[in-house]
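Colleague: Take this structure, written in structure tokens, and hold onto it; I'll ask about it next.
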Amino acid sequence: MTTTLTSEPVAGLLRRLYEDARRSGEDFNRRMSELSASERAAMEHDSRAYYAAARTLYLAVSPETGRLLYTLVRARRARAVVEFGTSFGVSAISMAAALRDNPKPAAAADGREPGLPRLIGSEYEPSKAEAARASLAEAGLGDLVEVRVGDALETLAPDTLPAPVDLLFLDGAKDRYLDVLKLVEPALAPDALIVADNASRAPALLDHLRSSRDFLPVGGVQRDVEIALRSV
Ligand SMILES: C[S@@+](CC[C@H](N)C(=O)[O-])C[C@H]1O[C@@H](n2cnc3c(N)ncnc32)[C@H](O)[C@@H]1O
């Protein structure tokens with residue numbers, strides 16, 4: 001099967017990004033091992049400080065989770081995707097490749113052609129956002145993605161999103177997953193998908209998804225991914 005995700009230039013770019021990610025991870029671990037125990041403990045309790053120190057670190061989804069995201073965006077025929085936590089753009093590339101491959105919807109009754117599908121990303125660190133944009137451009141996907149710099153709780157306000165949002169991917173600070181879901185919720189399609197990586201580290205989100213009548217959650221996918229179908 002030919003897909004944008006598995007063809008050049010995306011496939012080779014992702015291989016290179018994963019190799020960079022491995023190298024930067026080794027470098028980060030060496031720097032962390034040089035910190036005192038109290039410096040490390042302080043960072044563990046302050047996610048903003050942690051992500052600032054980790055500005056060279058990819059923390060990317062696994063290749064399998066990238067393929068899962070691609071599949072969900074394709075299967076949902078998504079036109080609008082929002083990402084909390086873009087980092088260097090590995091997951092954004094996977095989802096934007098799916099937006100590129102989705103069939104174009106029919107023109108509206110008045111003959112107007114549909115606009116391009118959109119992925120809105122969010123990233124604290126300007127240098128990461130800049131690198132993500134460069135990689136997306138190299139992948140030939142830059143026209144589909146906007147990476148917003150700053151705290152996602154400010155940059156993902158629902159009235160600034162291309163509603164209805166078909167899929168929300170949560171991969172930023174784990175203690176903010178539920179806040180971001182609640183922020184974006186007014187812009188979500190009634191049957192949107194919520195996908196959360198490292199979901200076991202976001203117990204407030206899991207409690208909400210599993211106790212709310214508005215979501216049908218599926219846990220334990222691809223190690224620690226939670227997928228929930230919104231159904232309102
Ligand atoms: C796990 S990484 C994201 C990896 C990315 N999804 C990928 O697969 O390539 C988390 C990123 O979220 C960013 N982040 C965390 N909390 C954030 C917030 N409140 N607003 C914006 N970015 C945030 C961090 O700076 C970090 O780069």
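By convention in this document, the chains of the structure tokens carry letters A, B, ... by their order, each chain's residues are numbered from 1, and ligands are numbered from 1 in the order they are shown.
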Could you list the protein, DNA and RNA residues that have any atom within 9 Å of ligand 1, counting only C-alpha atoms and all ligand atoms, and write them as a short mmCIF file (atom, residue, chain, number, x, y, z; two decimals) with N, CA, C and O atoms, in the first residue's frame?
Modeller:
```cif
data_model
loop_
_atom_site.label_atom_id
_atom_site.label_comp_id
_atom_site.auth_asym_id
_atom_site.auth_seq_id
_atom_site.Cartn_x
_atom_site.Cartn_y
_atom_site.Cartn_z
N SER A 47 6.66 20.88 35.78
CA SER A 47 6.73 20.39 34.40
C SER A 47 7.25 21.47 33.46
O SER A 47 7.94 21.18 32.49
N ARG A 48 6.99 22.76 33.76
CA ARG A 48 7.49 23.84 32.89
C ARG A 48 9.03 23.84 32.91
O ARG A 48 9.66 23.97 31.87
N TYR A 50 10.89 21.28 33.69
CA TYR A 50 11.36 20.05 33.04
C TYR A 50 11.40 20.23 31.52
O TYR A 50 12.41 19.93 30.87
N TYR A 51 10.30 20.75 30.95
CA TYR A 51 10.27 20.88 29.49
C TYR A 51 11.27 21.92 28.98
O TYR A 51 11.78 21.81 27.87
N ALA A 52 11.54 22.94 29.82
CA ALA A 52 12.56 23.92 29.41
C ALA A 52 13.93 23.24 29.37
O ALA A 52 14.70 23.42 28.41
N ALA A 54 14.40 20.19 28.86
CA ALA A 54 14.33 19.12 27.84
C ALA A 54 14.12 19.70 26.45
O ALA A 54 13.58 19.03 25.58
N ARG A 55 14.58 20.94 26.22
CA ARG A 55 14.25 21.58 24.94
C ARG A 55 14.98 20.94 23.76
O ARG A 55 14.61 21.19 22.62
N THR A 56 16.00 20.12 24.04
CA THR A 56 16.65 19.42 22.92
C THR A 56 16.12 17.99 22.77
O THR A 56 16.56 17.25 21.89
N LEU A 57 15.20 17.63 23.67
CA LEU A 57 14.74 16.24 23.72
C LEU A 57 13.47 16.06 22.89
O LEU A 57 12.52 16.83 23.03
N TYR A 58 13.45 15.01 22.06
CA TYR A 58 12.29 14.81 21.18
C TYR A 58 11.06 14.31 21.94
O TYR A 58 9.96 14.74 21.68
N LEU A 59 11.25 13.30 22.80
CA LEU A 59 10.12 12.68 23.52
C LEU A 59 9.03 12.24 22.55
O LEU A 59 7.83 12.36 22.82
N ALA A 60 9.45 11.76 21.40
CA ALA A 60 8.51 11.50 20.30
C ALA A 60 7.70 10.22 20.53
O ALA A 60 8.14 9.30 21.23
N VAL A 61 6.54 10.17 19.92
CA VAL A 61 5.76 8.92 19.91
C VAL A 61 6.59 7.83 19.24
O VAL A 61 7.47 8.12 18.42
N SER A 62 6.29 6.59 19.60
CA SER A 62 7.00 5.47 18.95
C SER A 62 6.56 5.39 17.49
O SER A 62 5.48 5.90 17.12
N THR A 65 3.08 4.07 17.38
CA THR A 65 2.04 5.05 17.72
C THR A 65 1.87 6.05 16.58
O THR A 65 0.75 6.50 16.29
N GLY A 66 2.96 6.38 15.89
CA GLY A 66 2.84 7.24 14.71
C GLY A 66 1.94 6.60 13.66
O GLY A 66 1.08 7.26 13.07
N GLU A 83 -3.27 19.13 18.23
CA GLU A 83 -2.25 18.39 18.97
C GLU A 83 -1.76 19.22 20.17
O GLU A 83 -1.30 20.34 19.99
N PHE A 84 -1.83 18.63 21.35
CA PHE A 84 -1.25 19.23 22.55
C PHE A 84 0.15 18.62 22.73
O PHE A 84 0.27 17.45 23.07
N GLY A 85 1.20 19.42 22.47
CA GLY A 85 2.58 18.93 22.63
C GLY A 85 3.14 18.44 21.30
O GLY A 85 3.00 17.27 20.95
N THR A 86 3.76 19.36 20.54
CA THR A 86 4.24 19.01 19.19
C THR A 86 5.71 18.66 19.17
O THR A 86 6.16 17.87 18.33
N SER A 87 6.49 19.22 20.10
CA SER A 87 7.92 18.96 20.17
C SER A 87 8.56 19.17 18.79
O SER A 87 8.34 20.19 18.15
N PHE A 88 9.34 18.19 18.30
CA PHE A 88 10.02 18.34 17.01
C PHE A 88 9.16 17.89 15.82
O PHE A 88 9.65 17.81 14.70
N GLY A 89 7.91 17.51 16.10
CA GLY A 89 6.97 17.31 14.98
C GLY A 89 6.81 15.89 14.48
O GLY A 89 6.19 15.69 13.44
N VAL A 90 7.32 14.89 15.23
CA VAL A 90 7.23 13.51 14.71
C VAL A 90 5.76 13.07 14.59
O VAL A 90 5.34 12.58 13.53
N SER A 91 4.98 13.25 15.65
CA SER A 91 3.56 12.85 15.57
C SER A 91 2.81 13.74 14.59
O SER A 91 1.91 13.27 13.88
N ALA A 92 3.16 15.03 14.55
CA ALA A 92 2.47 15.94 13.61
C ALA A 92 2.71 15.49 12.17
O ALA A 92 1.79 15.54 11.34
N ILE A 93 3.93 15.04 11.87
CA ILE A 93 4.21 14.55 10.51
C ILE A 93 3.32 13.34 10.20
O ILE A 93 2.73 13.24 9.11
N SER A 94 3.18 12.43 11.16
CA SER A 94 2.36 11.22 10.93
C SER A 94 0.91 11.60 10.66
O SER A 94 0.26 11.04 9.76
N GLY A 121 -0.93 22.48 15.89
CA GLY A 121 -0.05 21.96 16.93
C GLY A 121 0.20 23.02 17.99
O GLY A 121 -0.14 24.19 17.82
N SER A 122 0.82 22.60 19.10
CA SER A 122 1.11 23.56 20.18
C SER A 122 2.42 23.15 20.84
O SER A 122 2.68 21.95 21.04
N GLU A 123 3.25 24.13 21.15
CA GLU A 123 4.56 23.82 21.73
C GLU A 123 5.06 25.01 22.55
O GLU A 123 5.04 26.13 22.08
N TYR A 124 5.47 24.71 23.80
CA TYR A 124 6.07 25.72 24.68
C TYR A 124 7.32 26.34 24.07
O TYR A 124 7.53 27.54 24.13
N GLU A 125 8.20 25.49 23.55
CA GLU A 125 9.55 25.92 23.22
C GLU A 125 9.64 26.43 21.78
O GLU A 125 9.47 25.64 20.83
N LYS A 128 11.82 24.36 19.38
CA LYS A 128 11.22 23.09 18.94
C LYS A 128 10.18 23.35 17.85
O LYS A 128 10.11 22.64 16.85
N ALA A 129 9.35 24.38 18.07
CA ALA A 129 8.30 24.68 17.08
C ALA A 129 8.94 25.01 15.74
O ALA A 129 8.46 24.57 14.68
N ALA A 132 10.13 21.87 14.17
CA ALA A 132 8.97 21.09 13.68
C ALA A 132 8.49 21.66 12.35
O ALA A 132 8.23 20.91 11.39
N ARG A 148 1.58 26.42 17.00
CA ARG A 148 1.43 27.62 17.82
C ARG A 148 2.38 27.55 19.03
O ARG A 148 2.43 26.52 19.71
N VAL A 149 3.09 28.65 19.26
CA VAL A 149 4.09 28.68 20.34
C VAL A 149 3.48 29.29 21.59
O VAL A 149 2.80 30.32 21.51
N GLY A 150 3.74 28.64 22.74
CA GLY A 150 3.26 29.15 24.03
C GLY A 150 2.54 28.05 24.76
O GLY A 150 2.56 26.89 24.35
N ASP A 151 1.90 28.43 25.87
CA ASP A 151 1.17 27.44 26.66
C ASP A 151 -0.11 27.07 25.91
O ASP A 151 -0.93 27.94 25.60
N ALA A 152 -0.28 25.77 25.66
CA ALA A 152 -1.44 25.31 24.90
C ALA A 152 -2.75 25.74 25.55
O ALA A 152 -3.76 25.89 24.86
N LEU A 153 -2.73 25.96 26.86
CA LEU A 153 -3.96 26.39 27.52
C LEU A 153 -4.36 27.80 27.09
O LEU A 153 -5.49 28.22 27.30
N GLU A 154 -3.41 28.50 26.48
CA GLU A 154 -3.74 29.81 25.90
C GLU A 154 -3.84 29.75 24.37
O GLU A 154 -4.68 30.42 23.77
N THR A 155 -2.99 28.93 23.74
CA THR A 155 -2.94 28.98 22.26
C THR A 155 -4.02 28.12 21.60
O THR A 155 -4.23 28.24 20.39
N PHE A 169 -5.19 15.09 19.86
CA PHE A 169 -4.10 14.23 20.33
C PHE A 169 -3.43 14.92 21.51
O PHE A 169 -2.93 16.05 21.39
N LEU A 170 -3.40 14.22 22.65
CA LEU A 170 -2.83 14.76 23.89
C LEU A 170 -1.46 14.16 24.13
O LEU A 170 -1.34 12.93 24.33
N ASP A 171 -0.41 15.02 24.11
CA ASP A 171 0.95 14.50 24.31
C ASP A 171 1.85 15.55 24.96
O ASP A 171 3.06 15.47 24.86
N GLY A 172 1.26 16.56 25.63
CA GLY A 172 2.07 17.56 26.35
C GLY A 172 2.19 17.16 27.81
O GLY A 172 2.25 15.97 28.14
N ALA A 173 2.21 18.16 28.71
CA ALA A 173 2.34 17.87 30.15
C ALA A 173 1.15 17.01 30.60
O ALA A 173 0.01 17.37 30.36
N LYS A 174 1.47 15.88 31.24
CA LYS A 174 0.41 14.90 31.54
C LYS A 174 -0.63 15.46 32.50
O LYS A 174 -1.81 15.10 32.43
N ASP A 175 -0.20 16.35 33.42
CA ASP A 175 -1.15 16.89 34.40
C ASP A 175 -2.06 17.96 33.78
O ASP A 175 -2.89 18.55 34.48
N ARG A 176 -1.91 18.21 32.49
CA ARG A 176 -2.77 19.19 31.81
C ARG A 176 -3.69 18.55 30.76
O ARG A 176 -4.43 19.25 30.08
N TYR A 177 -3.64 17.22 30.63
CA TYR A 177 -4.46 16.56 29.60
C TYR A 177 -5.94 16.92 29.76
O TYR A 177 -6.62 17.26 28.79
N VAL A 180 -6.75 20.53 28.89
CA VAL A 180 -6.75 20.80 27.44
C VAL A 180 -8.01 20.20 26.80
O VAL A 180 -8.65 20.83 25.95
N ASP A 197 -1.39 9.86 24.63
CA ASP A 197 -0.20 9.01 24.81
C ASP A 197 0.18 9.03 26.29
O ASP A 197 -0.13 9.98 27.00
N ASN A 198 0.85 8.00 26.74
CA ASN A 198 1.28 7.89 28.15
C ASN A 198 0.10 8.13 29.09
O ASN A 198 0.21 8.86 30.09
#
```
Colleague: DSSP on the backbone, strand (DSSP E or B) only: what residues of region 178-212 of chain A does that give? Format it as a list in words.
Modeller: Leu188, Ala189, Pro190, Asp191, Ala192, Leu193, Ile194, Val195 and Ala196 of chain A
Colleague: Would you please extract all alpha helix (DSSP H) residues from chain A, as assigned by DSSP on the backbone, and give them as a VMD selection string?
Modeller: chain A and resid 10 to 33 37 to 44 47 to 53 63 to 75 90 to 101 126 to 138 152 to 155 177 to 184 203 to 211
Colleague: Between CA of Ala137 (chain A) and CA of Arg100 (chain A), what is the distance in Å, rounded to a tenth?
Modeller: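 For CA of Ala137 (chain A) relative to CA of Arg100 (chain A), the distance reads 13.2 Å.
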Colleague: Rounded to one decimal place, report the CA of Arg230 (chain A)-CA of Leu156 (chain A) distance in Å.
Modeller: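 Pair CA of Arg230 (chain A) / CA of Leu156 (chain A) returns 18.8 Å.
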Colleague: Which residue gives the smallest distance to Ala134 (chain A) among A:Asp166, A:Ala108, A:Gly25, A:Leu17, with only C-alpha atoms counted?
Modeller: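 Closest candidate: A:Leu17.
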Colleague: Please measure the separation of CA of Asp46 (chain A) and CA of Leu205 (chain A), giving the value in Å to one decimal.
Modeller: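 The value is 19.1 Å.
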